[in-house]
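Here is my_file.txt, consisting of compact mmCIF, C-alpha atoms:
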# COMPACT_ATOMS: atom_id res chain seq x y z
CA MET R 1 -10.63 -13.55 5.81
CA VAL R 2 -9.63 -10.45 3.87
CA GLU R 3 -7.44 -10.23 0.76
CA VAL R 4 -6.02 -6.97 -0.61
CA GLY R 5 -4.76 -7.48 -4.15
CA GLU R 6 -1.35 -6.27 -5.25
CA ALA R 7 -3.12 -4.83 -8.29
CA GLY R 8 -5.94 -3.40 -6.18
CA GLY R 9 -9.29 -4.61 -4.90
CA ILE R 10 -10.44 -5.99 -1.54
CA TRP R 11 -12.32 -9.24 -0.98
CA ALA R 12 -13.86 -10.39 2.31
CA LEU R 13 -14.88 -14.02 2.95
CA ASP R 14 -16.28 -15.84 5.95
CA ARG R 15 -13.22 -17.66 7.26
CA ALA R 16 -15.30 -20.58 8.61
CA ASN R 17 -17.10 -21.58 5.42
CA GLY R 18 -15.56 -19.44 2.64
CA GLN R 19 -18.81 -17.62 1.93
CA PHE R 20 -18.34 -14.42 -0.07
CA LEU R 21 -19.27 -11.36 2.01
CA TRP R 22 -18.29 -8.30 0.00
CA ALA R 23 -15.74 -6.81 -2.37
CA THR R 24 -14.77 -3.33 -3.44
CA PRO R 25 -12.32 -1.69 -5.86
CA PHE R 26 -9.21 -0.44 -4.12
CA PRO R 27 -7.76 2.10 -3.79
CA MET R 28 -10.48 3.61 -5.98
CA ASP R 29 -12.82 2.74 -8.85
CA VAL R 30 -11.46 3.98 -12.20
CA PRO R 31 -12.22 3.02 -15.84
CA GLU R 32 -8.77 1.40 -16.16
CA PHE R 33 -9.35 -0.92 -13.18
CA HIS R 34 -8.37 -4.49 -14.11
CA ILE R 35 -11.80 -5.83 -13.08
CA SER R 36 -14.94 -4.61 -14.83
CA ASP R 37 -17.53 -6.12 -12.49
CA ILE R 38 -17.98 -8.24 -9.37
CA ASP R 39 -21.09 -10.34 -8.76
CA VAL R 40 -22.15 -9.20 -5.28
CA ASP R 41 -24.01 -12.48 -4.69
CA THR R 42 -21.25 -14.93 -5.59
CA GLY R 43 -18.05 -12.85 -5.62
CA ARG R 44 -17.25 -13.90 -9.19
CA THR R 45 -15.07 -11.35 -10.94
CA HIS R 46 -15.10 -10.26 -14.59
CA ILE R 47 -11.95 -9.05 -16.30
CA ASN R 48 -11.80 -5.58 -17.88
CA TRP R 49 -11.31 -6.51 -21.53
CA ASN R 50 -10.50 -2.91 -22.42
CA SER R 51 -7.24 -3.42 -20.54
CA VAL R 52 -6.27 -6.66 -22.30
CA MET R 53 -3.68 -6.73 -25.13
CA LYS R 54 -5.39 -8.44 -28.08
CA LYS R 55 -2.76 -8.19 -30.83
CA ASP R 56 0.89 -7.33 -31.32
CA LYS R 57 1.79 -3.68 -30.60
CA ASP R 58 -1.38 -3.13 -28.57
CA ARG R 59 -0.65 -0.65 -25.79
CA ILE R 60 -2.78 -0.72 -22.67
CA LEU R 61 -3.04 1.10 -19.37
CA VAL R 62 -4.23 -1.02 -16.47
CA CYS R 63 -4.78 0.08 -12.89
CA PHE R 64 -3.47 -0.55 -10.44
CA HIS R 65 0.19 -1.65 -10.40
CA ASN R 66 1.90 -2.73 -7.18
CA THR R 67 -0.50 -0.44 -5.38
CA ARG R 68 -0.04 -2.63 -2.32
CA GLY R 69 3.22 -4.49 -2.74
CA TYR R 70 5.34 -6.58 -0.40
CA TRP R 71 4.64 -4.62 2.76
CA SER R 72 2.17 -5.80 5.41
CA THR R 73 -1.17 -4.24 6.23
CA ALA R 74 -2.30 -3.80 9.85
CA TYR R 75 -5.51 -4.89 11.54
CA HIS R 76 -7.07 -3.21 14.60
CA PRO R 77 -9.51 -5.68 16.24
CA GLY R 78 -11.07 -3.02 18.46
CA LYS R 79 -12.04 -0.93 15.43
CA ASN R 80 -12.46 -3.90 13.05
CA ALA R 81 -10.42 -1.86 10.60
CA LEU R 82 -7.60 -2.61 8.18
CA TYR R 83 -4.83 -0.06 7.59
CA ILE R 84 -3.34 -0.22 4.08
CA PRO R 85 -0.42 1.86 2.77
CA TYR R 86 -0.63 2.12 -1.04
CA HIS R 87 0.63 3.84 -4.20
CA ASP R 88 -1.57 5.45 -6.84
CA ALA R 89 0.26 3.78 -9.74
CA CYS R 90 -0.84 2.04 -12.94
CA LEU R 91 0.87 -0.11 -15.59
CA ASP R 92 1.67 1.08 -19.12
CA MET R 93 2.38 -1.99 -21.24
CA THR R 94 2.78 -2.83 -24.95
CA ALA R 95 2.42 -6.24 -26.63
CA ASN R 96 5.69 -7.19 -28.36
CA SER R 97 5.98 -10.52 -30.16
CA ALA R 98 9.71 -9.94 -30.73
CA ASN R 99 10.28 -10.18 -26.99
CA PRO R 100 10.33 -13.76 -25.60
CA GLN R 101 8.18 -12.51 -22.73
CA GLY R 102 5.58 -11.19 -25.15
CA TRP R 103 5.66 -7.59 -24.06
CA GLY R 104 7.77 -4.47 -23.92
CA PRO R 105 8.15 -1.76 -23.00
CA ARG R 106 6.49 -2.19 -19.60
CA ARG R 107 6.61 0.50 -16.96
CA ALA R 108 4.83 1.80 -13.91
CA VAL R 109 3.22 5.23 -14.28
CA MET R 110 1.27 7.56 -12.08
CA ARG R 111 -2.44 7.18 -12.69
CA PRO R 112 -3.48 9.74 -15.34
CA GLY R 113 -5.14 12.73 -13.74
CA SER R 114 -3.86 11.89 -10.27
CA ASP R 115 -2.15 14.42 -8.04
CA PRO R 116 1.61 13.70 -7.57
CA LYS R 117 1.30 15.23 -4.09
CA THR R 118 -0.95 12.34 -3.05
CA PHE R 119 0.97 9.52 -4.78
CA SER R 120 1.38 7.61 -1.51
CA SER R 121 -1.46 7.18 0.98
CA ILE R 122 -2.70 5.23 3.96
CA ALA R 123 -6.26 3.94 3.84
CA LYS R 124 -8.41 2.82 6.77
CA VAL R 125 -10.99 0.24 5.73
CA ASP R 126 -14.02 -0.58 7.89
CA LEU R 127 -14.31 -4.36 7.48
CA SER R 128 -17.97 -4.35 8.54
CA THR R 129 -19.03 -2.06 5.70
CA GLY R 130 -16.10 -1.86 3.27
CA ARG R 131 -15.99 1.92 3.67
CA ILE R 132 -12.58 3.37 2.74
CA ALA R 133 -11.23 6.46 4.49
CA ARG R 134 -7.90 7.98 3.48
CA LEU R 135 -6.06 8.98 6.64
CA HIS R 136 -2.85 10.35 5.16
CA THR R 137 -1.45 11.33 1.74
CA GLN R 138 2.02 12.47 0.64
CA PRO R 139 4.20 12.68 -2.48
CA ALA R 140 7.04 10.45 -1.19
CA PRO R 141 6.53 6.71 -1.78
CA GLY R 142 6.58 4.12 0.98
CA ASN R 143 7.26 0.39 1.03
CA GLY R 144 7.14 0.01 4.81
CA SER R 145 4.61 -2.08 6.69
CA ALA R 146 1.84 -0.54 8.76
CA LEU R 147 1.63 -1.30 12.48
CA VAL R 148 -1.30 -0.37 14.70
CA THR R 149 -1.31 -0.67 18.50
CA ALA R 150 -3.99 -1.15 21.14
CA GLY R 151 -3.27 2.43 22.17
CA ASP R 152 -4.70 3.59 18.81
CA LEU R 153 -1.34 4.53 17.32
CA LEU R 154 -0.48 3.79 13.71
CA PHE R 155 3.23 3.55 12.83
CA TRP R 156 4.51 3.76 9.26
CA GLY R 157 7.69 4.83 7.49
CA ASP R 158 8.50 5.83 3.91
CA LEU R 159 11.35 5.71 1.41
CA ASN R 160 12.13 9.33 2.21
CA ARG R 161 13.32 8.13 5.68
CA ARG R 162 10.38 9.60 7.63
CA PHE R 163 9.07 7.37 10.40
CA ARG R 164 5.82 8.54 11.95
CA ALA R 165 3.16 7.79 14.53
CA PHE R 166 -0.39 8.67 13.48
CA ASP R 167 -3.67 8.83 15.34
CA ALA R 168 -5.41 5.63 14.18
CA ASP R 169 -8.76 7.43 13.88
CA SER R 170 -7.94 10.80 12.35
CA GLY R 171 -4.58 10.15 10.68
CA LYS R 172 -3.08 13.16 12.48
CA ILE R 173 0.72 12.94 12.73
CA LEU R 174 1.53 12.74 16.44
CA TRP R 175 5.28 12.18 16.20
CA GLU R 176 7.91 11.84 13.50
CA THR R 177 11.63 11.42 13.06
CA VAL R 178 14.10 11.06 10.19
CA LEU R 179 16.06 7.81 10.06
CA GLY R 180 19.36 7.13 8.32
CA GLY R 181 17.95 5.13 5.40
CA ALA R 182 14.87 4.16 3.45
CA ILE R 183 12.13 2.38 5.41
CA GLN R 184 10.61 -0.60 3.61
CA MET R 185 10.74 -3.38 6.16
CA SER R 186 8.31 -4.73 8.74
CA THR R 187 7.83 -2.72 11.92
CA ILE R 188 7.25 -4.55 15.20
CA THR R 189 6.28 -3.69 18.76
CA TYR R 190 7.23 -5.55 21.95
CA ALA R 191 7.46 -4.95 25.70
CA VAL R 192 10.21 -5.41 28.28
CA ASN R 193 9.38 -5.06 31.98
CA GLY R 194 6.15 -3.28 31.09
CA ARG R 195 7.78 -0.73 28.76
CA GLN R 196 6.62 -0.78 25.13
CA TYR R 197 9.07 -0.41 22.25
CA ILE R 198 8.81 0.04 18.48
CA ALA R 199 11.53 -1.44 16.24
CA VAL R 200 12.01 -0.67 12.54
CA MET R 201 14.67 -1.53 9.96
CA THR R 202 16.09 0.55 7.14
CA GLY R 203 17.55 -0.77 3.93
CA ASP R 204 16.94 -1.02 0.22
CA GLY R 205 16.84 -3.50 -2.63
CA GLN R 206 16.52 -3.30 -6.38
CA SER R 207 13.11 -2.76 -7.98
CA ALA R 208 11.34 -2.59 -4.62
CA THR R 209 13.25 0.60 -3.84
CA ALA R 210 14.18 2.03 -7.21
CA ASN R 211 10.83 1.84 -9.02
CA PRO R 212 8.71 3.84 -6.52
CA LEU R 213 11.51 6.39 -6.09
CA ARG R 214 11.81 6.87 -9.83
CA LEU R 215 8.07 7.09 -10.31
CA ALA R 216 7.65 9.69 -7.54
CA ARG R 217 10.87 11.51 -8.53
CA THR R 218 12.20 11.16 -5.00
CA LYS R 219 15.88 10.95 -4.05
CA THR R 220 17.01 9.40 -0.79
CA VAL R 221 19.96 7.75 0.94
CA ARG R 222 20.75 4.30 -0.44
CA GLY R 223 22.61 1.38 1.12
CA HIS R 224 21.95 2.31 4.74
CA ASN R 225 20.95 -0.80 6.71
CA GLU R 226 20.25 -0.46 10.42
CA ILE R 227 17.74 -1.30 13.14
CA TYR R 228 16.17 1.52 15.15
CA VAL R 229 14.29 1.04 18.41
CA PHE R 230 12.08 3.65 20.08
CA ALA R 231 10.55 3.53 23.57
CA LEU R 232 6.98 4.70 23.93
CA PRO R 233 6.26 7.14 26.77
CA GLU R 234 5.74 5.51 30.13
CA LYS R 235 2.25 5.56 31.61
CA ARG R 236 1.79 7.85 34.59
Target format structure tokens, applied to this file:
Amino acid sequence: MVEVGEAGGIWALDRANGQFLWATPFPMDVPEFHISDIDVDTGRTHINWNSVMKKDKDRILVCFHNTRGYWSTAYHPGKNALYIPYHDACLDMTANSANPQGWGPRRAVMRPGSDPKTFSSIAKVDLSTGRIARLHTQPAPGNGSALVTAGDLLFWGDLNRRFRAFDADSGKILWETVLGGAIQMSTITYAVNGRQYIAVMTGDGQSATANPLRLARTKTVRGHNEIYVFALPEKR
């Protein structure tokens, strides 16, 4: 059983007895990571107290923030690998006793020192070892789910309307197209009479669309809601 935290980090447990197997920072280990240490024997985590607000007006930077949000990851059983789209974003937050919520302002920011050209990425994680390989990076954000097929294709779309098929091993872009709207929904595959199809939706919401676009300074079509279906090439 594998859990990828919305704020980063990956934990792997034995699904039969709950035994802790391994954990690793995700998408990367940085001083601002919200966890300072993980006991590799028990899996117990220790909070990063440097990223905790201790008094009013304290301002902290904690990583990561919605690095893996609502979208689904994909698992390839043949490769025992997990495919995770993510954002390289952190949280800038100030304690504010005048606010009923106890904080403000609160905003997502690009991780200090990061490259805006690699704000959005797809990681391939070997679940046997925990090794993380980054297959693809780009500046445009993406809230779409990853989908991997038995034919070793990885499908993923972004908020800039690009829908792509990648090689599941190398991350090479094998095919791409531009859809009418932002892609941030689940992608599915199915077959009819032996022919395989890929279906994807476009659409947008409030913070789920606006925040990543603002953070990455990306403009795209809004309010376009449709379903697109593509047929994979027939086997010869």
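Each of R:Gln138, R:Ala7, R:Thr209, R:Lys124 was checked against Ser170 in chain R using only C-alpha atoms; the smallest atom-to-atom distance is that of R:Lys124.
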- Message: Given the point (-13.1, -7.9, 2.9) in the file's coordinates, find the residues that have an atom at most 9 Å from it, counting all atoms listed in the file, and give them as an NGL selection string.
- Response: :R and (1-4 or 10-13 or 20-24 or 125-130)
- Query: In Å, with one decimal, what is the gap from CA of Ile227 in chain R to CA of Leu154 in chain R?
  - Reply: 18.9 Å
- Mind pulling up the distance from CA of Ala74 in chain R to CA of Phe119 in chain R? 20.1 Å
- Query: Which residues come within 7 Å of Thr118 in chain R, counting all atoms listed in the file, excluding same-chain residues fewer than 2 positions away, as a VMD selection string?
  - Reply: chain R and resid 115 to 116 120 to 121 137 to 139
- Query: Which protein, DNA or RNA residues are at most 10 Å from (-18.2, -18.9, -3.4) in the file's coordinates when you count all atoms listed in the file, listed as an MDAnalysis selection string?
  - Reply: chainID R and resid 13 17:21 41:44
For Thr177 in chain R, work out the shell of residues within 9 Å, counting all atoms listed in the file and skipping chain neighbours fewer than 6 positions away, then give it as a CSV table (one decimal) with C-alpha atoms, keeping the file's coordinate frame.
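The resulting file, part-v9.csv, is reproduced below:
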chain,number,residue,atom,x,y,z
R,161,ARG,CA,13.3,8.1,5.7
R,162,ARG,CA,10.4,9.6,7.6
R,163,PHE,CA,9.1,7.4,10.4
R,164,ARG,CA,5.8,8.5,12.0
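Minimum atom-to-atom distances from R:Gly181, R:Val109, R:Val192, R:Leu213 to Glu226 in chain R were compared using only C-alpha atoms, and the lowest value belongs to R:Gly181.
When all atoms listed in the file are used to measure the gap to Ile132 in chain R, the shortest distance among R:Tyr190, R:Gly203, R:Tyr83, R:Val40 belongs to R:Tyr83.
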- Message: Set the distance at 12 Å and use all atoms listed in the file: which residues neighbour Arg59 in chain R once local chain neighbours fewer than 5 positions away are removed? I'd like the list as number ranges by chain.
- Response: R: 50-54, 91-96, 103-107
- Residues near range 143-152 of chain R, cut-off 9 Å, all atoms listed in the file, skip fewer than 6 positions along chain, as JSON, numbers by chain: {"R": [68, 69, 70, 71, 72, 73, 74, 75, 76, 77, 78, 83, 84, 85, 86, 122, 158, 159, 166, 167, 168, 169, 182, 183, 184, 185, 186, 187, 188, 189, 208, 209, 212]}
- Looking at R:Thr220, R:Asn211, R:Thr45, R:Gln196, which one is nearest to Pro233 in chain R, with distances taken over all atoms listed in the file? R:Gln196
Missing atoms in range 111-122 of chain R should be modelled up to all heavy atoms and reported as a compact mmCIF listing (two decimals), keeping the file's coordinate frame.
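The new file selection32.txt reads:
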# COMPACT_ATOMS: atom_id res chain seq x y z
N ARG R 111 -1.12 7.26 -12.08
CA ARG R 111 -2.44 7.18 -12.69
C ARG R 111 -2.76 8.52 -13.37
O ARG R 111 -2.63 9.58 -12.78
CB ARG R 111 -3.49 6.87 -11.62
CG ARG R 111 -4.91 6.75 -12.17
CD ARG R 111 -5.88 6.31 -11.08
NE ARG R 111 -5.83 7.19 -9.93
CZ ARG R 111 -6.51 8.33 -9.83
NH1 ARG R 111 -7.28 8.74 -10.83
NH2 ARG R 111 -6.42 9.08 -8.74
N PRO R 112 -3.17 8.49 -14.63
CA PRO R 112 -3.48 9.74 -15.34
C PRO R 112 -4.53 10.55 -14.58
O PRO R 112 -5.55 10.04 -14.14
CB PRO R 112 -4.03 9.24 -16.68
CG PRO R 112 -3.39 7.91 -16.87
CD PRO R 112 -3.29 7.32 -15.50
N GLY R 113 -4.23 11.84 -14.44
CA GLY R 113 -5.14 12.73 -13.74
C GLY R 113 -4.96 12.77 -12.24
O GLY R 113 -5.61 13.56 -11.56
N SER R 114 -4.08 11.91 -11.72
CA SER R 114 -3.86 11.89 -10.27
C SER R 114 -2.95 13.04 -9.86
O SER R 114 -2.24 13.63 -10.69
CB SER R 114 -3.26 10.56 -9.83
OG SER R 114 -1.98 10.37 -10.41
N ASP R 115 -2.96 13.34 -8.59
CA ASP R 115 -2.15 14.42 -8.04
C ASP R 115 -0.83 13.83 -7.51
O ASP R 115 -0.86 13.00 -6.60
CB ASP R 115 -2.91 15.11 -6.89
CG ASP R 115 -2.18 16.32 -6.34
OD1 ASP R 115 -1.01 16.55 -6.72
OD2 ASP R 115 -2.78 17.04 -5.52
N PRO R 116 0.33 14.23 -8.06
CA PRO R 116 1.61 13.70 -7.57
C PRO R 116 1.81 13.94 -6.07
O PRO R 116 2.56 13.20 -5.42
CB PRO R 116 2.64 14.47 -8.40
CG PRO R 116 1.92 14.89 -9.63
CD PRO R 116 0.51 15.16 -9.19
N LYS R 117 1.14 14.95 -5.52
CA LYS R 117 1.30 15.23 -4.09
C LYS R 117 0.62 14.19 -3.22
O LYS R 117 0.85 14.15 -2.01
CB LYS R 117 0.75 16.62 -3.77
CG LYS R 117 1.52 17.76 -4.43
CD LYS R 117 0.92 19.11 -4.08
CE LYS R 117 1.67 20.24 -4.75
NZ LYS R 117 1.07 21.57 -4.42
N THR R 118 -0.25 13.37 -3.81
CA THR R 118 -0.95 12.34 -3.05
C THR R 118 -0.62 10.94 -3.60
O THR R 118 -1.44 10.03 -3.53
CB THR R 118 -2.47 12.57 -3.07
OG1 THR R 118 -2.94 12.48 -4.43
CG2 THR R 118 -2.80 13.94 -2.51
N PHE R 119 0.58 10.79 -4.17
CA PHE R 119 0.97 9.52 -4.78
C PHE R 119 0.93 8.37 -3.77
O PHE R 119 0.51 7.25 -4.08
CB PHE R 119 2.38 9.65 -5.36
CG PHE R 119 2.98 8.36 -5.84
CD1 PHE R 119 2.41 7.68 -6.90
CD2 PHE R 119 4.09 7.81 -5.22
CE1 PHE R 119 2.95 6.48 -7.35
CE2 PHE R 119 4.63 6.62 -5.65
CZ PHE R 119 4.06 5.96 -6.72
N SER R 120 1.35 8.64 -2.55
CA SER R 120 1.38 7.61 -1.51
C SER R 120 0.36 7.94 -0.44
O SER R 120 0.24 9.10 -0.02
CB SER R 120 2.79 7.53 -0.90
OG SER R 120 2.88 6.51 0.06
N SER R 121 -0.39 6.94 0.01
CA SER R 121 -1.46 7.18 0.98
C SER R 121 -1.58 6.03 1.95
O SER R 121 -1.04 4.94 1.73
CB SER R 121 -2.80 7.40 0.27
OG SER R 121 -2.76 8.47 -0.62
N ILE R 122 -2.31 6.28 3.03
CA ILE R 122 -2.70 5.23 3.96
C ILE R 122 -4.21 5.23 4.04
O ILE R 122 -4.83 6.27 4.30
CB ILE R 122 -2.11 5.45 5.37
CG1 ILE R 122 -0.59 5.54 5.32
CG2 ILE R 122 -2.53 4.30 6.31
CD1 ILE R 122 0.05 5.87 6.66
